[in-house]
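To be precise, the following lines are upload_12.pdb, and they hold PDB, C-alpha atoms.
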```pdb
ATOM      1  CA  GLN S   1     106.652 101.571 113.537
ATOM      2  CA  VAL S   2     106.847 101.916 109.754
ATOM      3  CA  SER S   3     109.976 102.067 107.630
ATOM      4  CA  LEU S   4     110.023 103.537 104.138
ATOM      5  CA  VAL S   5     112.728 103.014 101.530
ATOM      6  CA  GLU S   6     112.694 104.905  98.248
ATOM      7  CA  SER S   7     114.376 103.919  95.015
ATOM      8  CA  GLY S   8     114.249 104.704  91.317
ATOM      9  CA  GLY S   9     115.649 108.199  91.163
ATOM     10  CA  GLY S  10     118.242 109.217  88.629
ATOM     11  CA  SER S  11     119.378 111.738  86.049
ATOM     12  CA  VAL S  12     117.318 112.189  82.910
ATOM     13  CA  GLN S  13     116.891 114.722  80.155
ATOM     14  CA  ALA S  14     113.838 116.940  79.935
ATOM     15  CA  GLY S  15     110.884 114.991  78.613
ATOM     16  CA  GLY S  16     112.114 111.744  80.127
ATOM     17  CA  SER S  17     110.453 109.440  82.626
ATOM     18  CA  LEU S  18     111.254 107.619  85.831
ATOM     19  CA  ARG S  19     109.385 105.332  88.190
ATOM     20  CA  LEU S  20     110.016 105.959  91.845
ATOM     21  CA  SER S  21     109.261 103.207  94.350
ATOM     22  CA  CYS S  22     108.593 103.364  98.065
ATOM     23  CA  ALA S  23     108.809 100.031  99.859
ATOM     24  CA  ALA S  24     107.095 100.054 103.228
ATOM     25  CA  SER S  25     107.643  97.633 106.073
ATOM     26  CA  GLY S  26     106.494  97.331 109.641
ATOM     27  CA  TYR S  27     103.061  97.809 111.122
ATOM     28  CA  MET S  28     101.104  99.141 108.165
ATOM     29  CA  TYR S  29      97.617  98.429 109.479
ATOM     30  CA  ASN S  30      96.952 101.971 110.676
ATOM     31  CA  VAL S  31      98.519 103.776 107.718
ATOM     32  CA  LYS S  32      95.864 105.735 105.851
ATOM     33  CA  TRP S  33      97.687 107.961 103.395
ATOM     34  CA  MET S  34     101.002 107.589 101.626
ATOM     35  CA  GLY S  35     102.542 110.077  99.317
ATOM     36  CA  TRP S  36     105.484 111.851  97.832
ATOM     37  CA  PHE S  37     107.049 115.157  98.692
ATOM     38  CA  ARG S  38     109.971 116.815  96.993
ATOM     39  CA  GLN S  39     112.501 119.368  98.084
ATOM     40  CA  ALA S  40     114.825 121.350  95.867
ATOM     41  CA  PRO S  41     117.879 123.143  97.289
ATOM     42  CA  GLY S  42     116.870 126.320  99.073
ATOM     43  CA  LYS S  43     113.162 125.548  98.816
ATOM     44  CA  GLU S  44     110.535 124.189 101.179
ATOM     45  CA  ARG S  45     109.377 120.605 101.019
ATOM     46  CA  GLU S  46     106.478 120.409  98.575
ATOM     47  CA  GLY S  47     103.668 117.846  98.486
ATOM     48  CA  VAL S  48     103.390 116.194  95.076
ATOM     49  CA  ALA S  49     101.048 113.202  95.044
ATOM     50  CA  PHE S  50      99.095 111.160  97.573
ATOM     51  CA  ILE S  51      97.148 107.933  97.733
ATOM     52  CA  TYR S  52      94.592 106.725 100.272
ATOM     53  CA  THR S  53      95.868 103.251 101.034
ATOM     54  CA  ARG S  54      92.465 101.886 102.011
ATOM     55  CA  GLY S  55      90.579 102.861  98.882
ATOM     56  CA  GLY S  56      93.008 104.077  96.252
ATOM     57  CA  SER S  57      91.826 107.681  96.048
ATOM     58  CA  THR S  58      94.559 109.971  94.789
ATOM     59  CA  ASP S  59      95.402 113.652  94.913
ATOM     60  CA  TYR S  60      97.979 115.639  92.969
ATOM     61  CA  ALA S  61      99.606 119.022  93.121
ATOM     62  CA  ASP S  62      98.623 121.231  90.197
ATOM     63  CA  SER S  63     102.246 121.379  89.060
ATOM     64  CA  VAL S  64     102.335 117.635  88.315
ATOM     65  CA  LYS S  65      98.772 116.812  87.260
ATOM     66  CA  GLY S  66      98.737 114.920  83.990
ATOM     67  CA  ARG S  67     102.443 114.072  84.252
ATOM     68  CA  PHE S  68     102.791 112.133  87.509
ATOM     69  CA  THR S  69     100.802 109.073  88.567
ATOM     70  CA  ILE S  70     100.778 107.539  92.032
ATOM     71  CA  SER S  71      99.780 103.908  92.518
ATOM     72  CA  GLN S  72     100.097 101.143  95.062
ATOM     73  CA  ASP S  73     100.705  97.429  95.161
ATOM     74  CA  ASN S  74      99.213  96.277  98.449
ATOM     75  CA  ALA S  75     100.673  92.787  98.141
ATOM     76  CA  LYS S  76     104.162  94.289  98.045
ATOM     77  CA  ASN S  77     103.455  97.183 100.448
ATOM     78  CA  THR S  78     104.884  99.443  97.790
ATOM     79  CA  VAL S  79     103.791 102.808  96.456
ATOM     80  CA  TYR S  80     104.974 103.999  93.066
ATOM     81  CA  LEU S  81     105.284 107.404  91.470
ATOM     82  CA  GLN S  82     105.457 107.334  87.693
ATOM     83  CA  VAL S  83     106.934 110.634  86.588
ATOM     84  CA  ASN S  84     106.620 111.512  82.911
ATOM     85  CA  SER S  85     107.386 114.557  80.778
ATOM     86  CA  LEU S  86     109.973 115.651  83.295
ATOM     87  CA  LYS S  87     111.043 119.277  83.403
ATOM     88  CA  PRO S  88     114.196 120.832  84.894
ATOM     89  CA  GLU S  89     112.019 122.344  87.624
ATOM     90  CA  ASP S  90     111.145 118.810  88.765
ATOM     91  CA  THR S  91     114.734 118.412  89.952
ATOM     92  CA  ALA S  92     114.630 117.671  93.675
ATOM     93  CA  MET S  93     115.058 115.066  96.352
ATOM     94  CA  TYR S  94     111.860 113.035  96.407
ATOM     95  CA  TYR S  95     110.672 111.702  99.751
ATOM     96  CA  CYS S  96     108.076 109.072 100.510
ATOM     97  CA  ALA S  97     105.835 109.705 103.500
ATOM     98  CA  ALA S  98     103.109 107.859 105.376
ATOM     99  CA  THR S  99     100.557 108.890 107.946
ATOM    100  CA  THR S 100      98.089 107.229 110.264
ATOM    101  CA  SER S 101      95.952 110.372 110.343
ATOM    102  CA  PRO S 102      92.667 110.741 108.432
ATOM    103  CA  LEU S 103      93.771 113.695 106.317
ATOM    104  CA  TYR S 104      91.764 115.784 103.906
ATOM    105  CA  GLY S 105      92.202 118.912 101.831
ATOM    106  CA  ALA S 106      95.222 121.064 102.491
ATOM    107  CA  LEU S 107      96.373 118.799 105.329
ATOM    108  CA  LEU S 108      97.430 116.232 102.721
ATOM    109  CA  TYR S 109     100.087 118.626 101.492
ATOM    110  CA  SER S 110     101.474 119.524 104.902
ATOM    111  CA  ALA S 111     104.687 117.709 105.779
ATOM    112  CA  SER S 112     103.831 117.959 109.472
ATOM    113  CA  SER S 113     100.813 115.679 108.876
ATOM    114  CA  TYR S 114     103.066 112.674 108.210
ATOM    115  CA  ASN S 115     104.421 110.303 110.839
ATOM    116  CA  TYR S 116     106.936 108.410 108.747
ATOM    117  CA  TRP S 117     109.511 109.402 106.174
ATOM    118  CA  GLY S 118     112.006 107.742 103.896
ATOM    119  CA  GLN S 119     115.528 108.939 103.233
ATOM    120  CA  GLY S 120     114.780 110.240  99.770
ATOM    121  CA  THR S 121     115.787 109.545  96.194
ATOM    122  CA  GLN S 122     117.309 112.215  93.943
ATOM    123  CA  VAL S 123     115.744 113.173  90.634
ATOM    124  CA  THR S 124     117.789 115.417  88.357
ATOM    125  CA  VAL S 125     116.401 116.685  85.063
ATOM    126  CA  SER S 126     118.674 118.403  82.582
ATOM    127  CA  SER S 127     117.515 120.678  79.793
TER     128      SER S 127
END
```
Encoded form (structure tokens):
Amino acid sequence: QVSLVESGGGSVQAGGSLRLSCAASGYMYNVKWMGWFRQAPGKEREGVAFIYTRGGSTDYADSVKGRFTISQDNAKNTVYLQVNSLKPEDTAMYYCAATTSPLYGALLYSASSYNYWGQGTQVTVSS
């Protein structure tokens, strides 16, 4: 079993930055991908950024490329999401997710591909 706890959300003005953290605990040996999804009110959960925990490969949604950076600290079992140049449309609850499945392509962005989820951290961007 894996537990995920997010932190780092907050309220910022457009153009601002935040660093979201996802602290993982439990049996991490089989976890292959970790990532971040977000969900705004009335919208579906959207995949944002992903990292292959065993090699560091990353993948980003087009909407955040060049603004968001995902990274990991294996010693701390923590994944980070640096979010820069924030826009009001980035406002959402951000969720950390982990999977033991060997995902590729579009499967990375499917919420149903992930075994474990955190409770979320809210990001609010004002114009």
>> Please expand the PyMOL selection byres ((chain S and resi 29-40) around 7) into the concrete residues it hits in this file, giving the result as a ChimeraX atom specification.
In response: /S:27-28,41-54,91-102
Resulting file, chosen residues, C-alpha atoms, as a compact mmCIF listing (two decimals), in the frame of the given file:
```
# COMPACT_ATOMS: atom_id res chain seq x y z
CA TYR S 27 103.06 97.81 111.12
CA MET S 28 101.10 99.14 108.16
CA PRO S 41 117.88 123.14 97.29
CA GLY S 42 116.87 126.32 99.07
CA LYS S 43 113.16 125.55 98.82
CA GLU S 44 110.54 124.19 101.18
CA ARG S 45 109.38 120.60 101.02
CA GLU S 46 106.48 120.41 98.58
CA GLY S 47 103.67 117.85 98.49
CA VAL S 48 103.39 116.19 95.08
CA ALA S 49 101.05 113.20 95.04
CA PHE S 50 99.10 111.16 97.57
CA ILE S 51 97.15 107.93 97.73
CA TYR S 52 94.59 106.72 100.27
CA THR S 53 95.87 103.25 101.03
CA ARG S 54 92.46 101.89 102.01
CA THR S 91 114.73 118.41 89.95
CA ALA S 92 114.63 117.67 93.68
CA MET S 93 115.06 115.07 96.35
CA TYR S 94 111.86 113.04 96.41
CA TYR S 95 110.67 111.70 99.75
CA CYS S 96 108.08 109.07 100.51
CA ALA S 97 105.84 109.70 103.50
CA ALA S 98 103.11 107.86 105.38
CA THR S 99 100.56 108.89 107.95
CA THR S 100 98.09 107.23 110.26
CA SER S 101 95.95 110.37 110.34
CA PRO S 102 92.67 110.74 108.43
```
> Using only C-alpha atoms, which residues sit within 12 Å of Gly66 in chain S once same-chain residues fewer than 5 positions away are excluded, as number ranges by chain?
Replying inline: S: 49, 59-61, 82-86
>> Going by the chain IDs and residue numbers used in this file, which residues fall under the PyMOL selection byres ((chain S and resi 20) around 10)? Write them as a ChimeraX atom specification.
In response: /S:6-10,17-19,21-22,36,70,79-83,94-96,121-123
Those same residues, written as a compact mmCIF listing (two decimals), in the coordinates of the input with C-alpha atoms?
```txt
# COMPACT_ATOMS: atom_id res chain seq x y z
CA GLU S 6 112.69 104.90 98.25
CA SER S 7 114.38 103.92 95.02
CA GLY S 8 114.25 104.70 91.32
CA GLY S 9 115.65 108.20 91.16
CA GLY S 10 118.24 109.22 88.63
CA SER S 17 110.45 109.44 82.63
CA LEU S 18 111.25 107.62 85.83
CA ARG S 19 109.38 105.33 88.19
CA SER S 21 109.26 103.21 94.35
CA CYS S 22 108.59 103.36 98.06
CA TRP S 36 105.48 111.85 97.83
CA ILE S 70 100.78 107.54 92.03
CA VAL S 79 103.79 102.81 96.46
CA TYR S 80 104.97 104.00 93.07
CA LEU S 81 105.28 107.40 91.47
CA GLN S 82 105.46 107.33 87.69
CA VAL S 83 106.93 110.63 86.59
CA TYR S 94 111.86 113.04 96.41
CA TYR S 95 110.67 111.70 99.75
CA CYS S 96 108.08 109.07 100.51
CA THR S 121 115.79 109.54 96.19
CA GLN S 122 117.31 112.22 93.94
CA VAL S 123 115.74 113.17 90.63
```
For range 119-126 of chain S, take all atoms listed in the file, fit an axis-aligned box around them, add 5 Å to each of the six sides, then output centre and edge lengths in Å rounded to one decimal, as lines of an AutoDock Vina configuration file.
```
center_x = 116.7
center_y = 113.7
center_z = 92.9
size_x = 13.9
size_y = 19.5
size_z = 30.7
```
>> Please list, as an NGL selection string, the residues that have an atom at most 8 Å away from (113.6, 116.6, 78.8) in the coordinates of this file, counting only C-alpha atoms.
In response: :S and (12-16 or 85-88 or 125-127)
> How many Å lie between CA of Ser25 in chain S and CA of Ser71 in chain S, rounded to one decimal?
Replying inline: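 Between CA of Ser25 in chain S and CA of Ser71 in chain S the gap is 16.9 Å.
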Just the residues within 9 Å of Lys76 in chain S, please, counting only C-alpha atoms, with nothing from its chain fewer than 4 positions along; format it as a PDB file with C-alpha atoms, in the frame of the given file.
```pdb
ATOM      1  CA  ALA S  23     108.809 100.031  99.859  1.00  0.00           C
ATOM      2  CA  ALA S  24     107.095 100.054 103.228  1.00  0.00           C
ATOM      3  CA  GLN S  72     100.097 101.143  95.062  1.00  0.00           C
TER       4      GLN S  72
END
```
>> When the PyMOL selection byres ((chain S and resi 116) around 8) is applied to the structure above, which residues does it catch, written out as a list in words?
In response: Val2, Ser3, Leu4, Ala97, Ala98, Thr99, Tyr114, Asn115, Trp117 and Gly118 of chain S
> Mind pulling up the distance from CA of Ser110 in chain S to CA of Gly56 in chain S?
Replying inline: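 A separation of 19.6 Å between them.
Atom pair CA of Val64 in chain S / CA of Leu107 in chain S: separated by 18.1 Å.
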> For Glu89 in chain S, which residue out of S:Gln119, S:Gln1, S:Ser57, S:Ser63 is the nearest one, using all atoms listed in the file?
Replying inline: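 Once distances to Glu89 in chain S are computed over all atoms listed in the file, the minimum belongs to S:Ser63.
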